file start_20.txt (compact mmCIF, C-alpha atoms)
# COMPACT_ATOMS: atom_id res chain seq x y z
CA MET L 74 0.00 0.00 0.00
CA ASN L 75 2.81 2.39 0.90
CA VAL L 76 4.58 1.54 -2.36
CA TYR L 77 1.38 2.31 -4.23
CA VAL L 78 0.88 5.72 -2.64
CA ASN L 79 4.57 6.64 -2.78
CA SER L 80 4.81 5.67 -6.45
CA TYR L 81 2.05 8.05 -7.38
CA VAL L 82 3.63 10.72 -5.18
CA VAL L 83 6.72 10.28 -7.37
CA VAL L 84 4.55 10.64 -10.47
CA PHE L 85 3.02 13.81 -9.07
CA VAL L 86 6.47 15.20 -8.24
CA PHE L 87 7.58 14.48 -11.79
CA LEU L 88 4.50 16.27 -13.11
CA CYS L 89 5.34 19.31 -10.99
CA LEU L 90 8.93 19.27 -12.23
CA GLY L 91 7.75 18.95 -15.82
CA ILE L 92 5.67 22.09 -15.39
CA LEU L 93 8.22 23.95 -13.26
CA LEU L 94 11.13 23.62 -15.68
CA PRO L 95 9.45 25.56 -18.52
CA ILE L 96 8.20 28.19 -16.06
CA VAL L 97 11.63 28.67 -14.48
CA ALA L 98 13.47 28.64 -17.80
CA LEU L 99 11.09 31.06 -19.50
CA THR L 100 11.06 33.39 -16.49
CA ALA L 101 14.85 33.39 -16.38
CA GLY L 102 14.86 34.02 -20.11
CA ARG L 103 12.61 37.04 -19.68
CA PHE L 104 15.42 38.89 -17.86
CA LEU L 105 18.02 37.91 -20.43
CA ARG L 106 16.36 38.26 -23.79
CA PRO L 107 15.70 41.48 -25.66
CA HIS L 108 12.13 42.71 -25.97
CA ALA L 109 11.53 44.95 -28.95
CA PRO L 110 8.28 43.99 -30.62
CA ASN L 111 7.02 45.74 -33.72
CA ALA L 112 4.11 45.19 -36.04
CA ALA L 113 6.14 43.42 -38.71
CA LYS L 114 7.58 40.92 -36.25
CA GLN L 115 4.16 40.07 -34.92
CA THR L 116 2.54 39.19 -38.21
CA THR L 117 1.89 35.57 -38.96
CA TYR L 118 4.54 33.92 -41.11
CA GLU L 119 3.39 32.94 -44.56
CA SER L 120 6.50 32.69 -46.70
CA GLY L 121 6.64 36.45 -47.25
CA LEU L 122 2.99 37.05 -48.14
CA ASP L 123 0.68 39.04 -45.94
CA PRO L 124 -1.61 36.47 -44.33
CA PHE L 125 -4.96 36.94 -46.02
CA HIS L 126 -7.51 35.20 -43.87
CA ASP L 127 -7.86 33.27 -40.67
CA SER L 128 -6.03 29.98 -40.94
CA ARG L 129 -8.53 28.06 -38.85
CA VAL L 130 -10.51 26.77 -41.77
CA GLN L 131 -12.46 23.56 -42.10
CA PHE L 132 -10.08 20.66 -42.52
CA ASN L 133 -10.34 17.40 -44.35
CA VAL L 134 -12.89 14.98 -42.90
CA ARG L 135 -10.27 12.24 -43.35
CA TYR L 136 -8.58 13.32 -40.14
CA TYR L 137 -11.83 12.81 -38.27
CA ILE L 138 -12.21 9.29 -39.65
CA PHE L 139 -8.69 8.38 -38.58
CA ALA L 140 -9.51 9.72 -35.13
CA LEU L 141 -12.60 7.48 -35.04
CA LEU L 142 -10.57 4.45 -36.07
CA PHE L 143 -8.01 5.31 -33.41
CA VAL L 144 -10.68 5.41 -30.72
CA ILE L 145 -12.04 2.02 -31.78
CA PHE L 146 -8.67 0.31 -31.77
CA ASP L 147 -7.44 2.05 -28.65
CA VAL L 148 -10.50 0.83 -26.78
CA GLU L 149 -9.72 -2.61 -28.16
CA THR L 150 -6.30 -2.44 -26.50
CA VAL L 151 -7.97 -1.50 -23.24
CA PHE L 152 -9.63 -4.93 -23.43
CA LEU L 153 -6.54 -6.69 -24.71
CA TYR L 154 -4.23 -5.53 -21.91
CA PRO L 155 -6.05 -7.12 -18.94
CA TRP L 156 -6.68 -10.20 -21.08
CA ALA L 157 -2.95 -10.51 -21.78
CA VAL L 158 -2.05 -10.06 -18.11
CA ALA L 159 -4.54 -12.69 -16.94
CA PHE L 160 -4.12 -15.03 -19.91
CA GLU L 161 -2.33 -17.71 -17.89
CA LYS L 162 -5.35 -18.11 -15.61
CA LEU L 163 -7.99 -17.72 -18.31
CA GLY L 164 -6.77 -20.37 -20.73
CA ALA L 165 -7.96 -21.52 -24.15
CA PHE L 166 -11.57 -20.40 -23.81
CA ALA L 167 -10.52 -16.78 -23.33
CA LEU L 168 -8.22 -17.08 -26.33
CA ILE L 169 -11.13 -18.07 -28.58
CA GLU L 170 -13.34 -15.39 -27.11
CA MET L 171 -10.71 -12.73 -27.72
CA LEU L 172 -10.18 -14.04 -31.24
CA ILE L 173 -13.89 -13.57 -32.00
CA PHE L 174 -13.79 -10.06 -30.52
CA VAL L 175 -10.75 -9.04 -32.56
CA VAL L 176 -12.11 -10.59 -35.75
CA MET L 177 -15.26 -8.49 -35.37
CA LEU L 178 -13.14 -5.35 -35.14
CA LEU L 179 -11.01 -6.54 -38.04
CA ILE L 180 -14.16 -6.77 -40.15
CA GLY L 181 -14.56 -3.08 -39.40
CA LEU L 182 -10.99 -2.43 -40.49
CA VAL L 183 -11.49 -4.39 -43.70
CA TYR L 184 -14.69 -2.44 -44.35
CA ALA L 185 -12.82 0.84 -43.89
CA TRP L 186 -10.08 -0.48 -46.14
CA LYS L 187 -12.56 -1.41 -48.91
CA LYS L 188 -14.30 1.93 -48.53
CA LYS L 189 -10.90 3.49 -49.31
CA VAL L 190 -10.96 5.36 -46.01
CA LEU L 191 -7.40 4.31 -45.21
CA LYS L 192 -6.17 5.89 -48.39
CA TRP L 193 -4.53 9.24 -47.86
CA MET L 194 -4.85 11.77 -50.64
CA MET C 135 17.89 -0.10 -2.50
CA MET C 136 17.47 3.31 -0.98
CA MET C 137 14.60 4.01 -3.36
CA GLU C 138 12.90 0.75 -2.34
CA GLN C 139 13.05 1.70 1.33
CA LEU C 140 11.68 5.13 0.51
CA LEU C 141 8.81 3.65 -1.46
CA GLN C 142 7.92 1.33 1.41
CA SER C 143 8.00 4.02 4.10
CA THR C 144 4.87 5.86 5.18
CA PRO C 145 4.13 8.75 2.80
CA SER C 146 5.17 12.06 4.30
CA TRP C 147 6.30 15.52 3.30
CA THR C 148 9.90 14.46 3.89
CA ASN C 149 9.39 11.80 1.23
CA VAL C 150 7.98 14.38 -1.14
CA ALA C 151 11.04 16.56 -0.57
CA ILE C 152 13.40 13.63 -1.17
CA PHE C 153 11.51 12.57 -4.31
CA PHE C 154 11.71 16.16 -5.48
CA ALA C 155 15.49 16.20 -5.00
CA ILE C 156 15.83 12.87 -6.82
CA GLY C 157 13.57 14.15 -9.60
CA VAL C 158 15.74 17.25 -10.03
CA GLY C 159 18.75 14.94 -10.24
CA LEU C 160 17.11 12.87 -12.99
CA LEU C 161 16.07 16.05 -14.78
CA LEU C 162 19.71 17.17 -14.88
CA VAL C 163 20.80 13.76 -16.16
CA VAL C 164 18.16 13.90 -18.88
CA LEU C 165 19.17 17.44 -19.86
CA GLY C 166 22.75 16.19 -20.04
CA PHE C 167 21.62 13.33 -22.26
CA VAL C 168 19.72 15.71 -24.52
CA THR C 169 22.75 18.01 -24.79
CA TYR C 170 25.17 15.27 -25.70
CA GLY C 171 22.60 13.18 -27.55
CA ILE C 172 22.13 16.05 -30.00
CA LEU C 173 25.90 16.45 -30.32
CA ALA C 174 26.31 12.70 -30.84
CA GLU C 175 23.59 12.76 -33.48
CA ARG C 176 25.28 15.59 -35.35
CA LYS C 177 28.68 13.96 -35.07
CA VAL C 178 27.48 10.53 -36.18
CA MET C 179 25.52 12.09 -39.03
CA GLY C 180 28.64 14.00 -40.01
CA PHE C 181 30.85 10.93 -40.05
CA MET C 182 28.30 8.86 -41.95
CA GLN C 183 28.02 11.56 -44.59
CA GLY C 184 31.79 12.04 -44.85
CA ARG C 185 31.74 15.36 -42.98
CA ILE C 186 33.32 16.30 -39.68
CA GLY C 187 30.37 17.75 -37.80
CA PRO C 188 30.65 20.35 -35.02
CA ASN C 189 34.34 20.98 -34.27
CA GLN C 190 34.65 24.63 -33.34
CA VAL C 191 33.02 25.29 -29.97
CA GLY C 192 34.63 23.31 -27.14
CA GLY C 193 37.66 21.68 -28.70
CA ARG C 194 38.04 19.26 -31.60
CA TRP C 195 34.96 17.31 -30.66
CA GLY C 196 32.68 20.33 -30.41
CA LEU C 197 31.82 19.38 -26.85
CA LEU C 198 30.24 22.73 -26.01
CA GLN C 199 28.35 23.17 -29.28
CA THR C 200 24.90 22.26 -27.90
CA VAL C 201 25.50 24.23 -24.71
CA ALA C 202 26.23 27.27 -26.86
CA ASP C 203 23.11 26.61 -28.93
CA VAL C 204 20.94 26.46 -25.81
CA LEU C 205 22.44 29.68 -24.46
CA LYS C 206 21.79 31.34 -27.79
CA LEU C 207 18.15 30.23 -27.66
CA LEU C 208 17.86 31.62 -24.15
CA LEU C 209 18.95 35.04 -25.42
CA LYS C 210 16.62 35.06 -28.44
CA GLU C 211 13.73 37.47 -28.52
CA ASP C 212 10.40 35.82 -27.84
CA THR C 213 7.87 36.69 -30.53
CA ILE C 214 4.21 35.83 -30.25
CA PRO C 215 2.21 36.66 -33.40
CA LYS C 216 -0.66 39.09 -32.99
CA ALA C 217 -3.13 36.71 -34.56
CA ALA C 218 -2.18 33.87 -32.23
CA ASP C 219 -4.26 32.71 -29.29
CA ARG C 220 -1.89 33.99 -26.61
CA PRO C 221 -2.76 31.82 -23.56
CA LEU C 222 -2.84 28.61 -25.57
CA PHE C 223 0.33 29.60 -27.43
CA ILE C 224 2.16 29.92 -24.11
CA LEU C 225 0.62 26.77 -22.67
CA ALA C 226 1.34 24.43 -25.60
CA PRO C 227 5.08 23.80 -25.05
CA VAL C 228 4.38 23.00 -21.40
CA ILE C 229 1.67 20.50 -22.35
CA ALA C 230 4.10 18.92 -24.79
CA PHE C 231 7.01 18.77 -22.37
CA ALA C 232 5.47 17.77 -19.01
CA PRO C 233 4.29 14.27 -20.13
CA ALA C 234 7.69 13.63 -21.71
CA PHE C 235 9.30 14.02 -18.32
CA MET C 236 6.48 12.24 -16.48
CA VAL C 237 6.92 8.99 -18.37
CA LEU C 238 10.46 8.69 -17.01
CA ALA C 239 9.05 8.10 -13.52
CA ALA C 240 7.93 4.58 -14.44
CA LEU C 241 11.14 3.40 -16.14
CA PRO C 242 13.45 1.08 -14.19
CA PHE C 243 17.07 1.66 -15.19
CA THR C 244 18.63 -0.95 -12.91
CA ASP C 245 17.26 -2.93 -9.97
CA ALA C 246 18.44 -0.12 -7.68
CA LEU C 247 18.13 2.93 -9.92
CA GLN C 248 14.43 3.43 -10.49
CA PHE C 249 11.72 5.77 -9.37
CA ALA C 250 8.04 4.89 -9.14
CA ASP C 251 7.16 1.19 -8.98
CA ILE C 252 3.79 1.30 -10.72
CA GLY C 253 1.76 -1.88 -11.17
CA VAL C 254 0.54 -0.76 -14.59
CA GLY C 255 3.86 0.84 -15.56
CA LEU C 256 3.66 0.02 -19.26
CA LEU C 257 0.08 1.26 -19.55
CA TYR C 258 1.10 4.40 -17.67
CA TYR C 259 3.92 5.06 -20.14
CA ILE C 260 1.64 4.65 -23.15
CA ALA C 261 -1.21 6.67 -21.69
CA VAL C 262 0.93 9.60 -20.58
CA SER C 263 3.06 9.72 -23.71
CA GLY C 264 -0.12 10.10 -25.75
CA LEU C 265 -0.80 13.44 -24.05
CA THR C 266 1.99 15.16 -25.97
CA THR C 267 -0.15 15.04 -29.11
CA ILE C 268 -2.50 17.48 -27.37
CA GLY C 269 0.40 19.90 -26.83
CA VAL C 270 1.35 19.66 -30.49
CA VAL C 271 -2.20 20.26 -31.72
CA THR C 272 -2.69 23.09 -29.21
CA GLY C 273 0.48 24.78 -30.43
CA ALA C 274 -0.53 24.37 -34.05
CA TRP C 275 -4.02 25.69 -33.46
CA ALA C 276 -2.92 28.59 -31.27
CA SER C 277 -0.33 29.76 -33.83
CA ASN C 278 -3.11 30.60 -36.29
CA ASN C 279 -0.73 29.84 -39.13
CA LYS C 280 -1.59 27.70 -42.13
CA TYR C 281 1.66 25.75 -42.14
CA ALA C 282 1.42 25.18 -38.41
CA LEU C 283 -2.16 23.96 -38.57
CA LEU C 284 -1.40 21.57 -41.41
CA GLY C 285 1.70 20.29 -39.65
CA GLY C 286 -0.17 19.90 -36.39
CA MET C 287 -3.03 17.97 -37.99
CA ARG C 288 -0.55 15.72 -39.74
CA ALA C 289 1.38 15.18 -36.55
CA ALA C 290 -1.79 14.25 -34.69
CA ALA C 291 -2.94 11.89 -37.46
CA GLN C 292 0.46 10.21 -37.53
CA MET C 293 0.82 9.93 -33.79
CA ILE C 294 -2.59 8.37 -33.26
CA SER C 295 -2.17 6.06 -36.25
CA TYR C 296 1.11 4.67 -35.00
CA GLU C 297 0.08 4.53 -31.38
CA VAL C 298 -2.25 1.64 -32.19
CA PRO C 299 0.45 -0.72 -33.58
CA LEU C 300 2.87 0.45 -30.87
CA VAL C 301 0.42 -0.51 -28.17
CA MET C 302 -0.50 -3.79 -29.87
CA SER C 303 3.09 -4.86 -30.47
CA VAL C 304 3.89 -5.00 -26.77
CA ILE C 305 0.94 -7.28 -25.95
CA GLY C 306 3.13 -10.26 -26.88
CA VAL C 307 5.55 -9.16 -24.18
CA ILE C 308 2.71 -8.80 -21.67
CA LEU C 309 1.42 -12.27 -22.55
CA LEU C 310 4.82 -13.82 -21.90
CA SER C 311 5.58 -11.95 -18.70
CA GLY C 312 2.01 -11.86 -17.35
CA SER C 313 2.44 -8.36 -15.96
CA LEU C 314 2.32 -4.69 -16.89
CA ASN C 315 4.91 -3.82 -14.27
CA LEU C 316 8.16 -2.95 -16.01
CA ASN C 317 10.19 -4.54 -13.19
CA ASP C 318 8.37 -7.85 -13.67
CA ILE C 319 8.87 -7.60 -17.42
CA VAL C 320 12.64 -7.21 -16.95
CA GLU C 321 12.61 -10.06 -14.43
CA ALA C 322 10.87 -12.32 -16.97
CA GLN C 323 13.82 -11.81 -19.34
CA LYS C 324 16.39 -13.22 -16.96
CA ASP C 325 17.16 -16.15 -19.25
CA VAL C 326 15.97 -15.10 -22.69
CA TRP C 327 15.45 -11.55 -23.89
CA PHE C 328 12.10 -10.84 -25.49
CA ILE C 329 13.76 -9.73 -28.72
CA VAL C 330 14.53 -13.43 -29.28
CA VAL C 331 11.03 -14.75 -28.61
CA GLN C 332 9.16 -11.70 -29.95
CA PRO C 333 11.09 -10.70 -33.08
CA ILE C 334 7.98 -9.60 -34.98
CA GLY C 335 6.68 -7.67 -32.00
CA PHE C 336 10.07 -6.01 -31.72
CA LEU C 337 10.13 -4.94 -35.37
CA VAL C 338 6.61 -3.52 -35.23
CA PHE C 339 7.49 -1.76 -31.99
CA LEU C 340 10.66 -0.29 -33.45
CA VAL C 341 8.96 1.08 -36.57
CA ALA C 342 6.03 2.46 -34.56
CA ALA C 343 8.47 3.97 -32.05
CA VAL C 344 10.34 5.86 -34.77
CA ALA C 345 7.01 7.15 -36.06
CA GLU C 346 5.88 8.17 -32.56
CA LEU C 347 9.15 10.05 -32.10
CA ASN C 348 8.53 11.90 -35.40
CA ARG C 349 11.99 10.94 -36.57
CA THR C 350 13.12 10.21 -40.11
CA PRO C 351 11.78 8.33 -42.11
CA PHE C 352 8.53 9.40 -40.43
CA ASP C 353 9.34 13.07 -39.81
CA LEU C 354 6.50 14.42 -41.93
CA PRO C 355 5.06 16.68 -39.22
CA GLU C 356 8.25 18.73 -39.37
CA ALA C 357 9.10 18.27 -43.04
CA GLU C 358 11.19 21.40 -43.63
CA SER C 359 10.90 21.28 -47.38
CA GLU C 360 7.11 21.27 -47.56
CA LEU C 361 5.68 22.57 -44.30
CA VAL C 362 8.54 24.92 -43.37
CA ALA C 363 8.73 23.51 -39.85
CA GLY C 364 5.31 22.07 -39.20
CA PHE C 365 3.52 22.83 -35.97
CA HIS C 366 6.24 25.02 -34.48
CA VAL C 367 6.75 27.55 -37.33
CA GLU C 368 5.64 30.43 -35.15
CA TYR C 369 7.62 29.40 -32.10
CA SER C 370 10.98 30.97 -31.40
CA GLY C 371 13.57 31.02 -28.66
CA PHE C 372 12.97 28.97 -25.58
CA ARG C 373 9.36 28.13 -26.32
CA TRP C 374 10.55 26.38 -29.45
CA ALA C 375 13.34 24.80 -27.41
CA PHE C 376 10.75 23.11 -25.21
CA PHE C 377 9.16 21.37 -28.18
CA MET C 378 12.59 20.14 -29.21
CA LEU C 379 13.40 19.19 -25.64
CA ALA C 380 10.19 17.17 -25.37
CA GLU C 381 11.15 15.37 -28.56
CA TYR C 382 14.59 14.44 -27.26
CA VAL C 383 13.31 13.47 -23.81
CA TYR C 384 10.97 11.06 -25.60
CA PHE C 385 13.96 9.85 -27.56
CA PHE C 386 15.61 9.07 -24.22
CA ALA C 387 12.45 7.48 -22.82
CA MET C 388 11.73 5.41 -25.92
CA ALA C 389 15.29 4.06 -26.08
CA ALA C 390 15.05 3.15 -22.39
CA LEU C 391 11.63 1.54 -22.89
CA THR C 392 12.91 -0.53 -25.83
CA THR C 393 15.78 -1.72 -23.64
CA VAL C 394 13.40 -2.62 -20.83
CA LEU C 395 10.81 -4.38 -22.97
CA PHE C 396 12.90 -6.26 -25.50
CA LEU C 397 16.59 -6.13 -24.63
CA GLY C 398 16.42 -7.51 -21.10
CA GLY C 399 16.90 -4.25 -19.20
CA TRP C 400 19.92 -4.54 -16.94
CA HIS C 401 20.38 -8.31 -17.38
CA PRO C 402 23.82 -9.28 -18.72
CA LEU C 403 24.67 -11.56 -21.61
CA PRO C 404 25.63 -15.11 -20.51
CA PHE C 405 29.05 -15.39 -18.81
CA LEU C 406 29.40 -11.62 -18.60
CA GLY C 407 27.54 -11.23 -15.32
CA PHE C 408 30.55 -9.62 -13.62
CA ILE C 409 29.86 -6.37 -15.49
CA PRO C 410 27.39 -4.32 -13.42
CA GLY C 411 23.76 -3.98 -14.51
CA ALA C 412 24.01 -0.23 -14.95
CA VAL C 413 26.73 -0.68 -17.57
CA TRP C 414 24.62 -3.23 -19.41
CA PHE C 415 21.65 -0.93 -19.42
CA ALA C 416 23.76 1.97 -20.67
CA LEU C 417 25.26 -0.19 -23.43
CA LYS C 418 21.91 -1.47 -24.70
CA PHE C 419 20.43 2.00 -24.41
CA SER C 420 23.29 3.44 -26.47
CA VAL C 421 22.81 0.78 -29.14
CA VAL C 422 19.14 1.75 -29.50
CA VAL C 423 20.02 5.45 -29.65
CA PHE C 424 22.66 4.76 -32.29
CA LEU C 425 20.16 2.71 -34.27
CA PHE C 426 17.66 5.59 -34.32
CA ILE C 427 20.39 8.00 -35.47
CA TRP C 428 21.47 5.52 -38.13
CA PHE C 429 17.86 5.30 -39.40
CA ARG C 430 17.77 9.05 -39.74
CA ILE C 431 20.73 9.08 -42.07
CA THR C 432 19.87 5.97 -44.05
CA PHE C 433 16.20 6.26 -44.91
CA PRO C 434 14.48 8.84 -47.12
CA ARG C 435 11.28 10.37 -45.81
CA VAL C 436 8.14 8.42 -46.68
CA ARG C 437 5.18 10.09 -48.39
CA ALA C 438 2.13 11.03 -46.34
CA ASP C 439 -0.11 8.46 -48.05
CA GLN C 440 2.49 5.69 -47.68
CA LEU C 441 2.83 6.59 -44.03
CA MET C 442 -0.85 6.23 -43.18
CA GLU C 443 -1.40 3.13 -45.27
CA PHE C 444 1.66 1.42 -43.85
CA GLY C 445 0.46 1.97 -40.30
CA TRP C 446 -3.07 0.72 -40.78
CA LYS C 447 -2.68 -1.88 -43.51
CA VAL C 448 0.65 -3.47 -42.59
CA LEU C 449 1.70 -2.78 -39.00
CA LEU C 450 -1.70 -3.17 -37.35
CA PRO C 451 -2.60 -6.56 -38.91
CA VAL C 452 0.93 -7.85 -38.32
CA ALA C 453 0.76 -6.78 -34.67
CA LEU C 454 -2.63 -8.49 -34.24
CA VAL C 455 -1.38 -11.72 -35.82
CA ASN C 456 1.65 -11.58 -33.53
CA ILE C 457 -0.62 -11.38 -30.47
CA PHE C 458 -2.59 -14.47 -31.40
CA VAL C 459 0.40 -16.51 -32.50
CA THR C 460 2.06 -15.69 -29.18
CA ALA C 461 -1.07 -16.59 -27.21
CA LEU C 462 -1.49 -19.83 -29.16
CA VAL C 463 2.13 -20.88 -28.66
CA LYS C 464 1.89 -20.07 -24.98
CA GLN C 465 -1.36 -22.02 -24.67
CA LEU C 466 -0.05 -25.08 -26.49
CA PHE C 467 3.52 -25.38 -25.31
CA PHE C 468 3.78 -23.77 -21.88
call {"tool": "encode", "arguments": {"input": "start_20.txt", "output": "structure tokens"}}
result
Amino acid sequence: MNVYVNSYVVVFVFLCLGILLPIVALTAGRFLRPHAPNAAKQTTYESGLDPFHDSRVQFNVRYYIFALLFVIFDVETVFLYPWAVAFEKLGAFALIEMLIFVVMLLIGLVYAWKKKVLKWM
Amino acid sequence: MMMEQLLQSTPSWTNVAIFFAIGVGLLLVVLGFVTYGILAERKVMGFMQGRIGPNQVGGRWGLLQTVADVLKLLLKEDTIPKAADRPLFILAPVIAFAPAFMVLAALPFTDALQFADIGVGLLYYIAVSGLTTIGVVTGAWASNNKYALLGGMRAAAQMISYEVPLVMSVIGVILLSGSLNLNDIVEAQKDVWFIVVQPIGFLVFLVAAVAELNRTPFDLPEAESELVAGFHVEYSGFRWAFFMLAEYVYFFAMAALTTVLFLGGWHPLPFLGFIPGAVWFALKFSVVVFLFIWFRITFPRVRADQLMEFGWKVLLPVALVNIFVTALVKQLFF
């Protein structure tokens, strides 16, 4: 129990350090670096052109579909991990069950494949 | 040993202070690795391409080159574009960097030199390392720059596409060791390293790891020649440095994780047990680092469409087959 709590204390300490380092470094940098902003410096970079409209436009729906696929297969791994850990106790029956589960998801992957969703333009 | 005692003691503020001191120590070691890892990369790249590499600052070997580069970055003016979303722009490098350092907490370097002993260590690594994608997308979005947004979207698509095979490829290792704890996984490799019994898992892991690290041949998110610099076009000075730092800290973490999962961690080769575990770990770690640098020089960058199709159509099915072959072999013969 102590190991459990202490381990996550370590994780929390590492999180704090991970946030502190950028804060400390950027604050220290503030006293060292020059500060001379002007309008030209603060324009958005666009290979020498003046930026002509907001860049946050609608993006290709393809990205969304990849995100959906990712969610499906990442959730699959959430099921696969405990299965793999406990496999020794579960035995052959669990192996067949998991095979059926994965094959069902694979049908989805094959469907996406045939629908040419996995093709990147 | 000291760390083990600390972990078993009752949690207290003294412990927090000691962990903090140890964490600062590791942070310095990692910063040292990043400094000399970058130098080593430039030197090795130089030699492989018939050049000399850095040789001006800090003697013949350019030993102070990266230090000078970091100091230069510290003195650079910090420009935030007017059109950018200021709070998010400032926050993004922190979101990208903090998880990179957090994952190191779970990695065991030797049986004595390790930090948190987490039961689900491997899952923790994978879950936390995924958070960096959010930092990348935040930075890209906040920059309000077309190149940055494109680079950020690409980076996100690539990172999530290759996370799936990465996660699947280690399931063979979990099946064989029966644990997610990285200490148990190293212990299970006392006699045979998992690279021997899981060669396919190792290959899938290695390819997916290079893609997760955004390194050549999968460095599309930062492709200089087409996207200028990808998601960090608008970043300058130390804010930019933190994106780079996160990348190299992951380089460190991924090389260490590969050593732990497939190369037997600190276990020695047969008959060479008199060499201490720390040296073994360092050797294996260095081999993995060298391999990643070698990849960078050898392979040309893949095209965006090849990249996505390779991940989903080749690596994912291969990783799934590997899981079931491993499970079947384990079921039948062990």
call {"tool": "atom_distance", "arguments": {"input": "start_20.txt", "atom1": "CA of Phe243 (chain C)", "atom2": "CA of Ala412 (chain C)"}}
result
7.2 Å
call {"tool": "atom_distance", "arguments": {"input": "start_20.txt", "atom1": "CA of Val452 (chain C)", "atom2": "CA of Ser303 (chain C)"}}
result
8.7 Å
call {"tool": "closest_residue", "arguments": {"input": "start_20.txt", "among": "C:Lys210, C:Arg288, C:Lys447, C:Lys324", "to": "Tyr369 (chain C)", "atoms": "all atoms listed in the file"}}
result
C:Lys210
call {"tool": "atom_distance", "arguments": {"input": "start_20.txt", "atom1": "CA of Arg106 (chain L)", "atom2": "CA of Leu208 (chain C)"}}
result
6.8 Å
call {"tool": "residues_around", "arguments": {"input": "start_20.txt", "residues": "Ile224 (chain C)", "least_positions_apart": "3", "cutoff": "9 Å", "atoms": "only C-alpha atoms", "output": "list in words"}}
result
Ile214, Asp219, Arg220, Pro221, Pro227, Val228, Gly273, Ala276 and Arg373 of chain C
call {"tool": "closest_residue", "arguments": {"input": "start_20.txt", "among": "C:Met442, C:Ala343, C:Leu225, C:Val383", "to": "chain L", "atoms": "all atoms listed in the file"}}
result
C:Met442
call {"tool": "residues_around", "arguments": {"input": "start_20.txt", "residues": "Phe160 (chain L)", "least_positions_apart": "3", "cutoff": "12 Å", "atoms": "only C-alpha atoms", "output": "ChimeraX atom specification"}}
result
/L:153-157,163-171 /C:305-306,308-313,457-458,460-462,464-465,468
call {"tool": "closest_residue", "arguments": {"input": "start_20.txt", "among": "C:Val254, C:Val271, C:Val164, C:Ile294", "to": "chain L", "atoms": "all atoms listed in the file"}}
result
C:Ile294
call {"tool": "build_atoms", "arguments": {"input": "start_20.txt", "residues": "region 139-152 of chain L", "atoms": "N, CA and C atoms", "output": "mmCIF file, in the coordinates of the input"}}
result
data_model
loop_
_atom_site.group_PDB
_atom_site.id
_atom_site.type_symbol
_atom_site.label_atom_id
_atom_site.label_comp_id
_atom_site.auth_asym_id
_atom_site.auth_seq_id
_atom_site.Cartn_x
_atom_site.Cartn_y
_atom_site.Cartn_z
ATOM 1 N N PHE L 139 -9.827 9.039 -39.222
ATOM 2 C CA PHE L 139 -8.690 8.380 -38.580
ATOM 3 C C PHE L 139 -8.816 8.465 -37.052
ATOM 4 N N ALA L 140 -9.319 9.589 -36.573
ATOM 5 C CA ALA L 140 -9.510 9.720 -35.130
ATOM 6 C C ALA L 140 -10.517 8.690 -34.632
ATOM 7 N N LEU L 141 -11.600 8.481 -35.428
ATOM 8 C CA LEU L 141 -12.600 7.480 -35.040
ATOM 9 C C LEU L 141 -11.990 6.089 -34.989
ATOM 10 N N LEU L 142 -11.220 5.765 -36.030
ATOM 11 C CA LEU L 142 -10.570 4.450 -36.070
ATOM 12 C C LEU L 142 -9.660 4.279 -34.870
ATOM 13 N N PHE L 143 -8.935 5.362 -34.549
ATOM 14 C CA PHE L 143 -8.010 5.310 -33.410
ATOM 15 C C PHE L 143 -8.770 4.990 -32.131
ATOM 16 N N VAL L 144 -9.911 5.652 -31.937
ATOM 17 C CA VAL L 144 -10.680 5.410 -30.720
ATOM 18 C C VAL L 144 -11.106 3.950 -30.637
ATOM 19 N N ILE L 145 -11.582 3.413 -31.777
ATOM 20 C CA ILE L 145 -12.040 2.020 -31.780
ATOM 21 C C ILE L 145 -10.907 1.089 -31.385
ATOM 22 N N PHE L 146 -9.740 1.262 -32.025
ATOM 23 C CA PHE L 146 -8.670 0.310 -31.770
ATOM 24 C C PHE L 146 -7.987 0.559 -30.431
ATOM 25 N N ASP L 147 -8.021 1.795 -29.970
ATOM 26 C CA ASP L 147 -7.440 2.050 -28.650
ATOM 27 C C ASP L 147 -8.299 1.429 -27.558
ATOM 28 N N VAL L 148 -9.624 1.485 -27.755
ATOM 29 C CA VAL L 148 -10.500 0.830 -26.780
ATOM 30 C C VAL L 148 -10.283 -0.682 -26.831
ATOM 31 N N GLU L 149 -10.015 -1.185 -28.036
ATOM 32 C CA GLU L 149 -9.720 -2.610 -28.160
ATOM 33 C C GLU L 149 -8.520 -2.976 -27.289
ATOM 34 N N THR L 150 -7.482 -2.116 -27.312
ATOM 35 C CA THR L 150 -6.300 -2.440 -26.500
ATOM 36 C C THR L 150 -6.627 -2.395 -25.016
ATOM 37 N N VAL L 151 -7.578 -1.534 -24.646
ATOM 38 C CA VAL L 151 -7.970 -1.500 -23.240
ATOM 39 C C VAL L 151 -8.505 -2.869 -22.811
ATOM 40 N N PHE L 152 -9.169 -3.578 -23.757
ATOM 41 C CA PHE L 152 -9.630 -4.930 -23.430
ATOM 42 C C PHE L 152 -8.504 -5.952 -23.545
#
